[in-house]
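As stored in structure29.csv (CSV, C-alpha atoms and all ligand atoms):
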chain,number,residue,atom,x,y,z
A,1384,THR,CA,0.0,0.0,0.0
A,1385,GLY,CA,1.0,3.6,-0.1
A,1386,SER,CA,2.2,3.2,-3.7
A,1387,LYS,CA,1.6,6.1,-6.0
A,1388,LEU,CA,0.4,3.9,-8.8
A,1389,LYS,CA,-3.0,4.9,-10.0
A,1390,ARG,CA,-5.5,2.6,-11.5
A,1391,GLN,CA,-7.7,3.3,-14.5
A,1392,PRO,CA,-11.4,3.7,-13.8
A,1393,GLY,CA,-13.1,0.5,-14.7
A,1394,SER,CA,-9.8,-1.4,-14.6
A,1395,GLU,CA,-11.2,-3.2,-11.5
A,1396,LYS,CA,-13.9,-5.6,-12.5
A,1397,ARG,CA,-17.2,-4.0,-11.7
A,1398,PRO,CA,-19.6,-6.6,-13.1
A,1399,TRP,CA,-22.4,-5.0,-11.0
A,1400,ASN,CA,-21.9,-1.7,-12.5
A,1401,VAL,CA,-24.5,-2.0,-15.2
A,1402,HIS,CA,-26.3,1.3,-16.0
A,1403,GLN,CA,-29.9,1.5,-15.0
A,1404,PRO,CA,-32.4,3.9,-16.4
A,1405,ASP,CA,-33.4,6.2,-13.6
A,1406,ASN,CA,-37.1,5.8,-13.1
A,1407,ARG,CA,-37.6,8.3,-10.3
A,1408,CYS,CA,-40.4,10.9,-10.8
A,1409,TRP,CA,-38.9,14.3,-10.3
A,1410,ASN,CA,-41.0,16.8,-8.7
A,1411,ASN,CA,-42.1,19.8,-10.6
A,1412,GLU,CA,-40.4,22.7,-8.8
A,1413,LYS,CA,-39.0,25.5,-10.9
A,1414,CYS,CA,-35.3,25.8,-11.5
A,1415,LEU,CA,-33.3,28.3,-9.5
A,1416,ASN,CA,-32.6,31.5,-11.4
A,1417,VAL,CA,-28.9,31.5,-10.8
A,1418,GLY,CA,-27.1,30.3,-13.8
A,1419,CYS,CA,-30.3,30.1,-15.9
A,1420,SER,CA,-30.2,31.5,-19.4
A,1421,SER,CA,-32.7,34.2,-19.9
A,1422,SER,CA,-34.8,31.9,-22.1
A,1423,GLU,CA,-35.0,29.4,-19.3
A,1424,VAL,CA,-35.9,32.0,-16.8
A,1425,ALA,CA,-38.6,33.3,-19.1
A,1426,ARG,CA,-40.0,29.8,-19.3
A,1427,VAL,CA,-40.1,29.4,-15.5
A,1428,GLY,CA,-41.4,32.7,-14.3
A,1429,SER,CA,-42.4,36.3,-14.8
A,1430,LEU,CA,-39.9,39.0,-15.4
A,1431,ASP,CA,-39.7,40.2,-11.9
A,1432,ARG,CA,-38.2,36.9,-11.0
A,1433,LEU,CA,-35.2,38.0,-13.0
A,1434,GLN,CA,-34.1,40.3,-10.2
A,1435,PRO,CA,-31.3,39.4,-9.8
A,1436,LEU,CA,-31.1,37.0,-12.8
A,1437,CYS,CA,-27.6,35.8,-12.3
A,1438,PRO,CA,-25.3,37.7,-10.0
A,1439,VAL,CA,-22.5,37.1,-12.4
A,1440,GLU,CA,-24.4,38.3,-15.5
A,1441,GLY,CA,-25.4,41.4,-13.6
A,1442,ARG,CA,-21.9,42.2,-12.5
A,1443,PHE,CA,-20.2,41.6,-15.7
A,1444,GLY,CA,-22.9,43.4,-17.6
A,1445,GLY,CA,-24.6,42.6,-20.9
A,1446,ALA,CA,-26.3,39.5,-22.2
A,1447,ARG,CA,-24.0,36.5,-22.3
A,1448,SER,CA,-24.3,33.6,-24.7
A,1449,GLN,CA,-25.5,30.4,-23.1
A,1450,VAL,CA,-22.1,28.8,-23.5
A,1451,GLU,CA,-20.3,31.7,-22.0
A,1452,LEU,CA,-22.4,32.3,-19.0
A,1453,PRO,CA,-21.6,29.3,-16.9
A,1454,LEU,CA,-17.9,29.8,-17.5
A,1455,ARG,CA,-18.1,33.4,-16.4
A,1456,ALA,CA,-20.0,32.3,-13.3
A,1457,LEU,CA,-17.4,29.7,-12.5
A,1458,GLN,CA,-14.5,32.2,-13.0
A,1459,PHE,CA,-16.4,34.5,-10.7
A,1460,LYS,CA,-16.8,31.8,-8.1
A,1461,ARG,CA,-13.1,30.9,-8.3
A,1462,GLY,CA,-12.1,34.6,-7.9
A,1463,LEU,CA,-14.2,36.6,-5.6
A,1464,LEU,CA,-15.9,33.9,-3.6
A,1465,HIS,CA,-12.6,32.2,-3.1
A,1466,GLU,CA,-11.2,35.3,-1.6
A,1467,PHE,CA,-14.2,35.6,0.7
A,1468,ARG,CA,-13.7,32.0,1.8
A,1469,LYS,CA,-10.1,32.7,2.6
A,1470,GLY,CA,-11.1,35.7,4.7
A,1471,ASN,CA,-9.3,38.2,2.4
A,1472,THR,CA,-12.2,40.5,2.2
A,1473,SER,CA,-13.7,43.3,4.3
A,1474,LYS,CA,-17.2,43.4,5.7
A,1475,GLU,CA,-17.9,46.2,3.3
A,1476,GLN,CA,-17.2,44.0,0.4
A,1477,VAL,CA,-19.5,41.3,1.8
A,1478,ARG,CA,-22.2,43.9,2.1
A,1479,LEU,CA,-21.6,45.4,-1.3
A,1480,HIS,CA,-21.9,42.0,-3.0
A,1481,ASP,CA,-24.9,40.9,-0.9
A,1482,LEU,CA,-23.0,37.8,0.2
A,1483,VAL,CA,-24.5,35.7,2.9
A,1484,GLN,CA,-23.7,32.5,4.9
A,1485,GLN,CA,-26.6,30.2,4.3
A,1486,LEU,CA,-27.5,26.9,6.0
A,1487,PRO,CA,-27.2,24.1,3.5
A,1488,LYS,CA,-30.1,23.2,1.3
A,1489,ALA,CA,-28.6,19.8,0.6
A,1490,ILE,CA,-26.2,17.6,2.6
A,1491,ILE,CA,-24.1,14.7,1.4
A,1492,ILE,CA,-24.6,12.6,4.4
A,1493,GLY,CA,-22.4,9.7,3.3
A,1494,VAL,CA,-21.3,7.1,2.8
A,1495,ARG,CA,-17.7,7.3,4.0
A,1496,LYS,CA,-15.4,6.1,1.1
A,1497,GLY,CA,-18.3,6.2,-1.3
A,1498,GLY,CA,-16.9,9.2,-3.2
A,1499,THR,CA,-18.3,11.9,-1.0
A,1500,ARG,CA,-15.4,14.3,-1.8
A,1501,ALA,CA,-15.6,13.8,-5.5
A,1502,LEU,CA,-19.3,14.4,-5.5
A,1503,LEU,CA,-19.0,17.6,-3.5
A,1504,GLU,CA,-16.2,19.0,-5.6
A,1505,MET,CA,-18.0,18.0,-8.8
A,1506,LEU,CA,-21.3,19.6,-7.7
A,1507,ASN,CA,-19.3,22.7,-6.8
A,1508,LEU,CA,-18.7,23.1,-10.6
A,1509,HIS,CA,-22.2,24.3,-10.9
A,1510,PRO,CA,-22.5,28.0,-10.7
A,1511,ALA,CA,-25.5,27.8,-8.3
A,1512,VAL,CA,-23.7,25.6,-5.8
A,1513,VAL,CA,-21.2,26.7,-3.2
A,1514,LYS,CA,-19.5,24.0,-1.2
A,1515,ALA,CA,-18.5,24.0,2.4
A,1516,SER,CA,-14.9,22.9,1.9
A,1517,GLN,CA,-14.4,21.3,5.3
A,1518,GLU,CA,-16.3,18.4,6.8
A,1519,ILE,CA,-18.2,20.4,9.5
A,1520,HIS,CA,-19.3,17.5,11.7
A,1521,PHE,CA,-22.0,19.6,13.3
A,1522,PHE,CA,-24.7,17.0,13.7
A,1523,ASP,CA,-22.6,14.0,14.6
A,1524,ASN,CA,-20.3,15.7,17.2
A,1525,ASP,CA,-22.0,16.5,20.5
A,1526,GLU,CA,-19.6,19.3,21.3
A,1527,ASN,CA,-20.1,21.0,18.0
A,1528,TYR,CA,-23.9,20.5,18.1
A,1529,ALA,CA,-24.0,22.1,21.5
A,1530,LYS,CA,-22.5,25.3,19.9
A,1531,GLY,CA,-25.8,25.9,18.2
A,1532,ILE,CA,-27.1,26.5,14.7
A,1533,GLU,CA,-25.6,29.9,14.4
A,1534,TRP,CA,-22.2,28.4,14.9
A,1535,TYR,CA,-23.0,26.0,12.1
A,1536,ARG,CA,-24.2,28.7,9.8
A,1537,LYS,CA,-21.0,30.7,10.4
A,1538,LYS,CA,-19.1,27.7,9.2
A,1539,MET,CA,-20.7,28.0,5.8
A,1540,PRO,CA,-19.0,29.7,2.9
A,1541,PHE,CA,-20.2,33.1,1.6
A,1542,SER,CA,-22.6,32.8,-1.3
A,1543,TYR,CA,-25.2,34.8,-3.1
A,1544,PRO,CA,-28.8,34.4,-1.8
A,1545,GLN,CA,-29.8,32.6,-5.0
A,1546,GLN,CA,-27.1,30.0,-4.7
A,1547,ILE,CA,-27.3,26.9,-2.5
A,1548,THR,CA,-24.8,25.8,0.0
A,1549,ILE,CA,-23.9,22.1,0.2
A,1550,GLU,CA,-21.8,20.4,2.9
A,1551,LYS,CA,-20.6,16.8,3.3
A,1552,SER,CA,-19.9,14.9,6.5
A,1553,PRO,CA,-20.0,11.2,5.8
A,1554,ALA,CA,-20.2,10.3,9.5
A,1555,TYR,CA,-23.8,11.7,9.5
A,1556,PHE,CA,-25.1,8.6,7.7
A,1557,ILE,CA,-24.1,6.2,10.4
A,1558,THR,CA,-24.5,8.3,13.5
A,1559,GLU,CA,-27.6,7.6,15.6
A,1560,GLU,CA,-28.6,11.1,16.6
A,1561,VAL,CA,-28.1,12.8,13.2
A,1562,PRO,CA,-31.4,12.3,11.4
A,1563,GLU,CA,-33.4,13.9,14.2
A,1564,ARG,CA,-31.0,16.8,14.5
A,1565,ILE,CA,-31.1,17.5,10.8
A,1566,TYR,CA,-34.8,17.2,10.8
A,1567,LYS,CA,-35.0,19.8,13.5
A,1568,MET,CA,-33.0,22.2,11.4
A,1569,ASN,CA,-34.9,21.7,8.2
A,1570,SER,CA,-37.4,19.0,7.7
A,1571,SER,CA,-37.5,19.5,3.9
A,1572,ILE,CA,-33.7,19.4,3.3
A,1573,LYS,CA,-32.4,17.3,0.4
A,1574,LEU,CA,-30.2,14.4,1.3
A,1575,LEU,CA,-27.6,12.9,-0.9
A,1576,ILE,CA,-26.1,9.4,-0.3
A,1577,ILE,CA,-23.3,8.2,-2.5
A,1578,VAL,CA,-22.8,4.4,-2.2
A,1579,ARG,CA,-20.3,2.0,-3.7
A,1580,GLU,CA,-20.4,-1.8,-3.9
A,1581,PRO,CA,-20.4,-2.6,-0.2
A,1582,THR,CA,-17.4,-5.0,-0.1
A,1583,THR,CA,-15.2,-2.6,-2.2
A,1584,ARG,CA,-16.3,0.3,0.1
A,1585,ALA,CA,-15.3,-1.8,3.2
A,1586,ILE,CA,-11.9,-2.5,1.7
A,1587,SER,CA,-11.5,1.2,0.9
A,1588,ASP,CA,-12.4,2.1,4.4
A,1589,TYR,CA,-9.9,-0.5,5.7
A,1590,THR,CA,-7.2,0.9,3.4
A,1591,GLN,CA,-7.7,4.4,4.8
A,1592,VAL,CA,-7.3,3.2,8.4
A,1593,LEU,CA,-4.3,1.1,7.4
A,1594,GLU,CA,-2.6,4.1,5.8
A,1595,GLY,CA,-3.1,6.1,9.0
A,1596,LYS,CA,-1.6,3.2,11.1
A,1597,GLU,CA,1.4,2.9,8.8
A,1598,ARG,CA,2.0,6.6,9.0
A,1599,LYS,CA,2.3,6.2,12.7
A,1600,ASN,CA,4.5,3.2,12.3
A,1601,LYS,CA,1.9,1.0,13.9
A,1602,THR,CA,1.1,-2.5,12.8
A,1603,TYR,CA,-2.4,-3.5,11.9
A,1604,TYR,CA,-4.4,-6.6,11.2
A,1605,LYS,CA,-5.1,-7.9,7.8
A,1606,PHE,CA,-8.5,-7.1,6.4
A,1607,GLU,CA,-9.4,-10.8,6.3
A,1608,LYS,CA,-8.8,-11.0,10.1
A,1609,LEU,CA,-11.0,-8.1,10.8
A,1610,ALA,CA,-13.8,-8.9,8.4
A,1611,ILE,CA,-14.2,-12.5,9.4
A,1612,ASP,CA,-14.7,-13.7,12.9
A,1613,PRO,CA,-12.1,-16.4,13.5
A,1614,ASN,CA,-14.3,-18.3,16.0
A,1615,THR,CA,-17.3,-18.6,13.8
A,1616,CYS,CA,-15.8,-18.1,10.4
A,1617,GLU,CA,-18.8,-15.8,9.7
A,1618,VAL,CA,-18.7,-12.2,8.7
A,1619,ASN,CA,-17.8,-10.0,11.6
A,1620,THR,CA,-20.6,-7.6,12.0
A,1621,LYS,CA,-18.9,-5.9,14.9
A,1622,TYR,CA,-16.2,-4.6,12.5
A,1623,LYS,CA,-17.1,-1.0,11.7
A,1624,ALA,CA,-16.2,-1.2,8.0
A,1625,VAL,CA,-18.6,-4.0,7.6
A,1626,ARG,CA,-21.4,-2.3,9.5
A,1627,THR,CA,-21.1,0.9,7.5
A,1628,SER,CA,-21.6,-1.1,4.3
A,1629,ILE,CA,-25.0,-2.4,5.5
A,1630,TYR,CA,-26.6,0.6,3.9
A,1631,THR,CA,-30.2,-0.4,4.4
A,1632,LYS,CA,-29.9,-0.6,8.2
A,1633,HIS,CA,-28.7,3.0,8.4
A,1634,LEU,CA,-31.2,4.3,5.8
A,1635,GLU,CA,-34.1,2.8,7.8
A,1636,ARG,CA,-33.2,5.0,10.7
A,1637,TRP,CA,-33.3,8.1,8.5
A,1638,LEU,CA,-36.6,7.1,7.1
A,1639,LYS,CA,-38.2,7.5,10.5
A,1640,TYR,CA,-37.7,11.2,9.9
A,1641,PHE,CA,-37.6,11.9,6.2
A,1642,PRO,CA,-39.6,10.5,3.3
A,1643,ILE,CA,-37.7,8.6,0.7
A,1644,GLU,CA,-38.4,11.4,-1.9
A,1645,GLN,CA,-36.0,13.6,0.1
A,1646,PHE,CA,-33.1,11.2,-0.6
A,1647,HIS,CA,-31.1,10.8,-3.8
A,1648,ILE,CA,-28.8,7.8,-4.2
A,1649,VAL,CA,-25.6,8.4,-6.2
A,1650,ASP,CA,-23.9,5.4,-7.7
A,1651,GLY,CA,-20.3,6.0,-6.5
A,1652,ASP,CA,-18.9,3.3,-8.8
A,1653,ARG,CA,-20.4,5.0,-11.8
A,1654,LEU,CA,-19.2,8.4,-10.5
A,1655,ILE,CA,-15.7,7.1,-11.0
A,1656,THR,CA,-16.0,5.8,-14.5
A,1657,GLU,CA,-18.7,8.0,-15.9
A,1658,PRO,CA,-19.3,11.0,-13.7
A,1659,LEU,CA,-21.5,13.3,-15.9
A,1660,PRO,CA,-24.7,11.2,-16.0
A,1661,GLU,CA,-24.6,10.8,-12.2
A,1662,LEU,CA,-24.1,14.6,-11.8
A,1663,GLN,CA,-27.0,15.3,-14.1
A,1664,LEU,CA,-29.3,13.2,-12.0
A,1665,VAL,CA,-28.2,15.2,-9.0
A,1666,GLU,CA,-28.8,18.5,-10.8
A,1667,LYS,CA,-32.3,17.3,-11.5
A,1668,PHE,CA,-32.9,16.2,-7.9
A,1669,LEU,CA,-31.7,19.6,-6.6
A,1670,ASN,CA,-33.9,21.4,-9.2
A,1671,LEU,CA,-30.9,23.1,-10.6
A,1672,PRO,CA,-30.6,24.0,-14.3
A,1673,PRO,CA,-28.2,21.6,-16.1
A,1674,ARG,CA,-24.9,23.4,-16.1
A,1675,ILE,CA,-22.2,20.8,-15.5
A,1676,SER,CA,-21.0,19.5,-18.8
A,1677,GLN,CA,-18.4,17.2,-20.2
A,1678,TYR,CA,-16.2,20.3,-20.6
A,1679,ASN,CA,-15.9,20.4,-16.8
A,1680,LEU,CA,-14.7,16.8,-16.4
A,1681,TYR,CA,-11.6,15.4,-18.1
A,1682,PHE,CA,-9.9,12.1,-17.6
A,1683,ASN,CA,-6.4,12.3,-16.2
A,1684,ALA,CA,-4.5,9.2,-17.2
A,1685,THR,CA,-1.7,9.7,-14.6
A,1686,ARG,CA,-4.2,10.1,-11.8
A,1687,GLY,CA,-6.4,7.4,-13.2
A,1688,PHE,CA,-9.5,9.4,-12.4
A,1689,TYR,CA,-11.7,12.2,-13.8
A,1690,CYS,CA,-10.5,15.6,-12.7
A,1691,LEU,CA,-12.3,19.0,-12.7
A,1692,ARG,CA,-12.1,21.8,-15.2
A,1693,PHE,CA,-13.6,25.0,-13.9
A,1694,ASN,CA,-12.4,27.2,-16.8
A,1695,ILE,CA,-9.7,27.6,-19.3
A,1696,ILE,CA,-7.2,28.5,-16.6
A,1697,PHE,CA,-8.2,26.5,-13.5
A,1698,ASN,CA,-8.5,22.8,-13.2
A,1699,LYS,CA,-7.8,20.3,-10.4
A,1700,CYS,CA,-7.7,16.7,-9.5
A,1701,LEU,CA,-8.7,15.3,-6.1
A,1702,ALA,CA,-5.9,14.9,-3.5
A,1703,GLY,CA,-3.8,11.8,-3.7
A,1704,SER,CA,-5.6,10.3,-0.6
A,1705,LYS,CA,-8.5,9.7,-2.9
A,1706,GLY,CA,-7.9,6.7,-5.1
A,1707,ARG,CA,-5.6,4.6,-3.0
A,1708,ILE,CA,-4.5,1.2,-4.2
A,1709,HIS,CA,-6.4,-1.4,-2.2
A,1710,PRO,CA,-4.5,-4.4,-0.7
A,1711,GLU,CA,-5.1,-7.8,-2.2
A,1712,VAL,CA,-7.9,-9.6,-0.3
A,1713,ASP,CA,-8.4,-13.3,-0.2
A,1714,PRO,CA,-11.1,-14.1,-2.9
A,1715,SER,CA,-13.0,-16.4,-0.5
A,1716,VAL,CA,-13.4,-13.6,1.9
A,1717,ILE,CA,-14.7,-11.3,-0.8
A,1718,THR,CA,-17.2,-14.0,-1.8
A,1719,LYS,CA,-18.3,-14.4,1.8
A,1720,LEU,CA,-18.8,-10.7,2.2
A,1721,ARG,CA,-20.7,-10.3,-1.0
A,1722,LYS,CA,-23.0,-13.1,-0.1
A,1723,PHE,CA,-23.5,-11.5,3.3
A,1724,PHE,CA,-24.3,-8.1,1.9
A,1725,HIS,CA,-26.6,-9.5,-0.9
A,1726,PRO,CA,-29.9,-9.5,1.1
A,1727,PHE,CA,-29.2,-6.1,2.5
A,1728,ASN,CA,-28.5,-4.7,-0.9
A,1729,GLN,CA,-31.8,-6.1,-2.3
A,1730,LYS,CA,-33.7,-4.3,0.5
A,1731,PHE,CA,-31.7,-1.1,-0.3
A,1732,TYR,CA,-32.7,-1.3,-4.0
A,1733,GLN,CA,-36.3,-1.9,-3.0
A,1734,ILE,CA,-36.5,1.0,-0.6
A,1735,THR,CA,-34.7,3.5,-2.8
A,1736,GLY,CA,-36.0,2.4,-6.2
A,1737,ARG,CA,-32.4,2.4,-7.5
A,1738,THR,CA,-31.1,-1.0,-8.5
A,1739,LEU,CA,-27.3,-1.1,-8.7
A,1740,ASN,CA,-26.8,-4.8,-9.6
A,1741,TRP,CA,-24.1,-5.4,-7.1
A,1742,PRO,CA,-23.0,-9.0,-6.8
B,1801,LIG,P1,-10.5,4.7,-3.0
B,1801,LIG,O1,-9.5,5.5,-2.3
B,1801,LIG,O2,-10.9,3.5,-2.4
B,1801,LIG,O3,-10.3,4.5,-4.5
B,1801,LIG,P2,-14.5,9.6,0.0
B,1801,LIG,O4,-14.3,11.0,-0.6
B,1801,LIG,O5,-16.0,9.4,0.4
B,1801,LIG,O6,-13.6,9.3,1.0
B,1801,LIG,O7,-14.3,8.5,-1.2
B,1801,LIG,C1,-13.1,8.2,-1.7
B,1801,LIG,C2,-13.3,7.5,-3.0
B,1801,LIG,O8,-13.7,8.4,-4.0
B,1801,LIG,C3,-12.0,6.9,-3.5
B,1801,LIG,O9,-11.9,5.6,-3.0
B,1801,LIG,C4,-12.2,7.0,-5.0
B,1801,LIG,O10,-12.3,5.7,-5.7
B,1801,LIG,C5,-13.5,7.7,-5.2
B,1801,LIG,N1,-13.5,8.7,-6.3
B,1801,LIG,C6,-14.6,8.9,-7.1
B,1801,LIG,N2,-14.3,9.8,-8.0
B,1801,LIG,C7,-13.1,10.2,-7.8
B,1801,LIG,C8,-12.2,11.1,-8.5
B,1801,LIG,N3,-12.7,11.8,-9.6
B,1801,LIG,N4,-10.9,11.3,-8.1
B,1801,LIG,C9,-10.5,10.5,-7.0
B,1801,LIG,N5,-11.3,9.7,-6.3
B,1801,LIG,C10,-12.5,9.5,-6.7
As a first step, turn the structure in this file into structure tokens.
Amino acid sequence: TGSKLKRQPGSEKRPWNVHQPDNRCWNNEKCLNVGCSSSEVARVGSLDRLQPLCPVEGRFGGARSQVELPLRALQFKRGLLHEFRKGNTSKEQVRLHDLVQQLPKAIIIGVRKGGTRALLEMLNLHPAVVKASQEIHFFDNDENYAKGIEWYRKKMPFSYPQQITIEKSPAYFITEEVPERIYKMNSSIKLLIIVREPTTRAISDYTQVLEGKERKNKTYYKFEKLAIDPNTCEVNTKYKAVRTSIYTKHLERWLKYFPIEQFHIVDGDRLITEPLPELQLVEKFLNLPPRISQYNLYFNATRGFYCLRFNIIFNKCLAGSKGRIHPEVDPSVITKLRKFFHPFNQKFYQITGRTLNWP
């Protein structure tokens, strides 16, 4: 482990990764004005809803072509908003630009190692989305939660009122108290869950912990030893990496508070190999006008992953800690785990209406 070698998306066998048509019925809410072309805005509402149409368009002046506008918006986000985030601006500038710190309208609640960072960064390509860069851990950490909702809001990045803020903290998905706490903040919030084939996710989870141990020169057990109970030879459900991958168990807790329509499931395996269609489904779910395009995503062969292109000048790949080489795992253990997860997966497909064809 720890090698810098990067794999090609799809180079691992993903026989379960067969694309499914998305049969969800999207609700009929109107698209946000931010980033809409004027023709789209005209379609969705009367002229007074054009105020302000797009902060970017307004500030750069003049009508922009549909192709140009998103790029302008993105440059603007990279420039001014970036400076705001770093704290290099005065209160006067915040006031002049009508910038605010808004509670999130959508949260990526998990799943750890599902591709939560990639999803957040890719959604941040959208001109109407502003990400909270750090994992805030407000709802899962009692100490943070005790600081109150204003503390949480102040952790949010500056944005225009027409934009939406998104944060991600993967621990939310598995932490008992979180659904109720989020419900108390906003019962109609949109919740994004990005999942990967459960055994792969568990190995990815293990790989991250292993790397941490190695960094501290500590020894660690092999995955096989942790995942399989040596006494019973059955899957060890006390092992956290296994428990986290039983997605349906966690989701059922959330469903005590939120209806299933408020969740959107992102296929994390497909986000690796074919990110755009997954992002387009999220845009729909969030009622955002479609603005993320193939231009914004390019495959980086050295990295072995898709990277992000904001504009002609600025592009970036995720940090090296995303896309680690997984250790070899005994195939019989993999088979045992897949068999174990199978009934939970079936239930998950049934509840969510999204079939992922995992083995
Ligand atoms: P691996 O390190 O197991 O490959 P998270 O951000 O939730 O911790 O998820 C990390 C996973 O995101 C990585 O797991 C990687 O496979 C996946 N991922 C998805 N898209 C990626 C991208 N464009 N660049 C890097 N990693 C990506």
request  = Please give me, as a PyMOL selection string, the residues lying within 9 Å of ligand LIG 1801 (chain B) when counting all atoms listed in the file.
outcome  = chain A and resi 1390+1392+1493-1505+1553+1577-1579+1583-1588+1590-1591+1651-1656+1658+1680+1682+1686-1691+1700-1709
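Shortest separation to Tyr1566 in chain A among A:Leu1638, A:Leu1506, A:Ile1648, A:Val1477 occurs at residue A:Leu1638, atoms counted being only C-alpha atoms.
With distances restricted to only C-alpha atoms, A:Asn1569 is the closest residue to Leu1486 in chain A from A:Asn1619, A:Asn1527, A:Gln1545, A:Asn1569.
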note = Shortest contact to Glu1533 in chain A, candidates A:Ser1552, A:Ile1572, A:Asp1650, A:Gln1484, atoms counted only C-alpha atoms, goes to A:Gln1484
request  = State, in Å with one decimal place, the distance from CA of Ala1511 in chain A to CA of Gln1546 in chain A.
outcome  = 4.5 Å
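Between Lys1551 in chain A and the candidates A:Gln1485, A:Ser1571, A:Ser1516, A:Thr1620, the tightest atom-to-atom separation, counting all atoms listed in the file, involves A:Ser1516.
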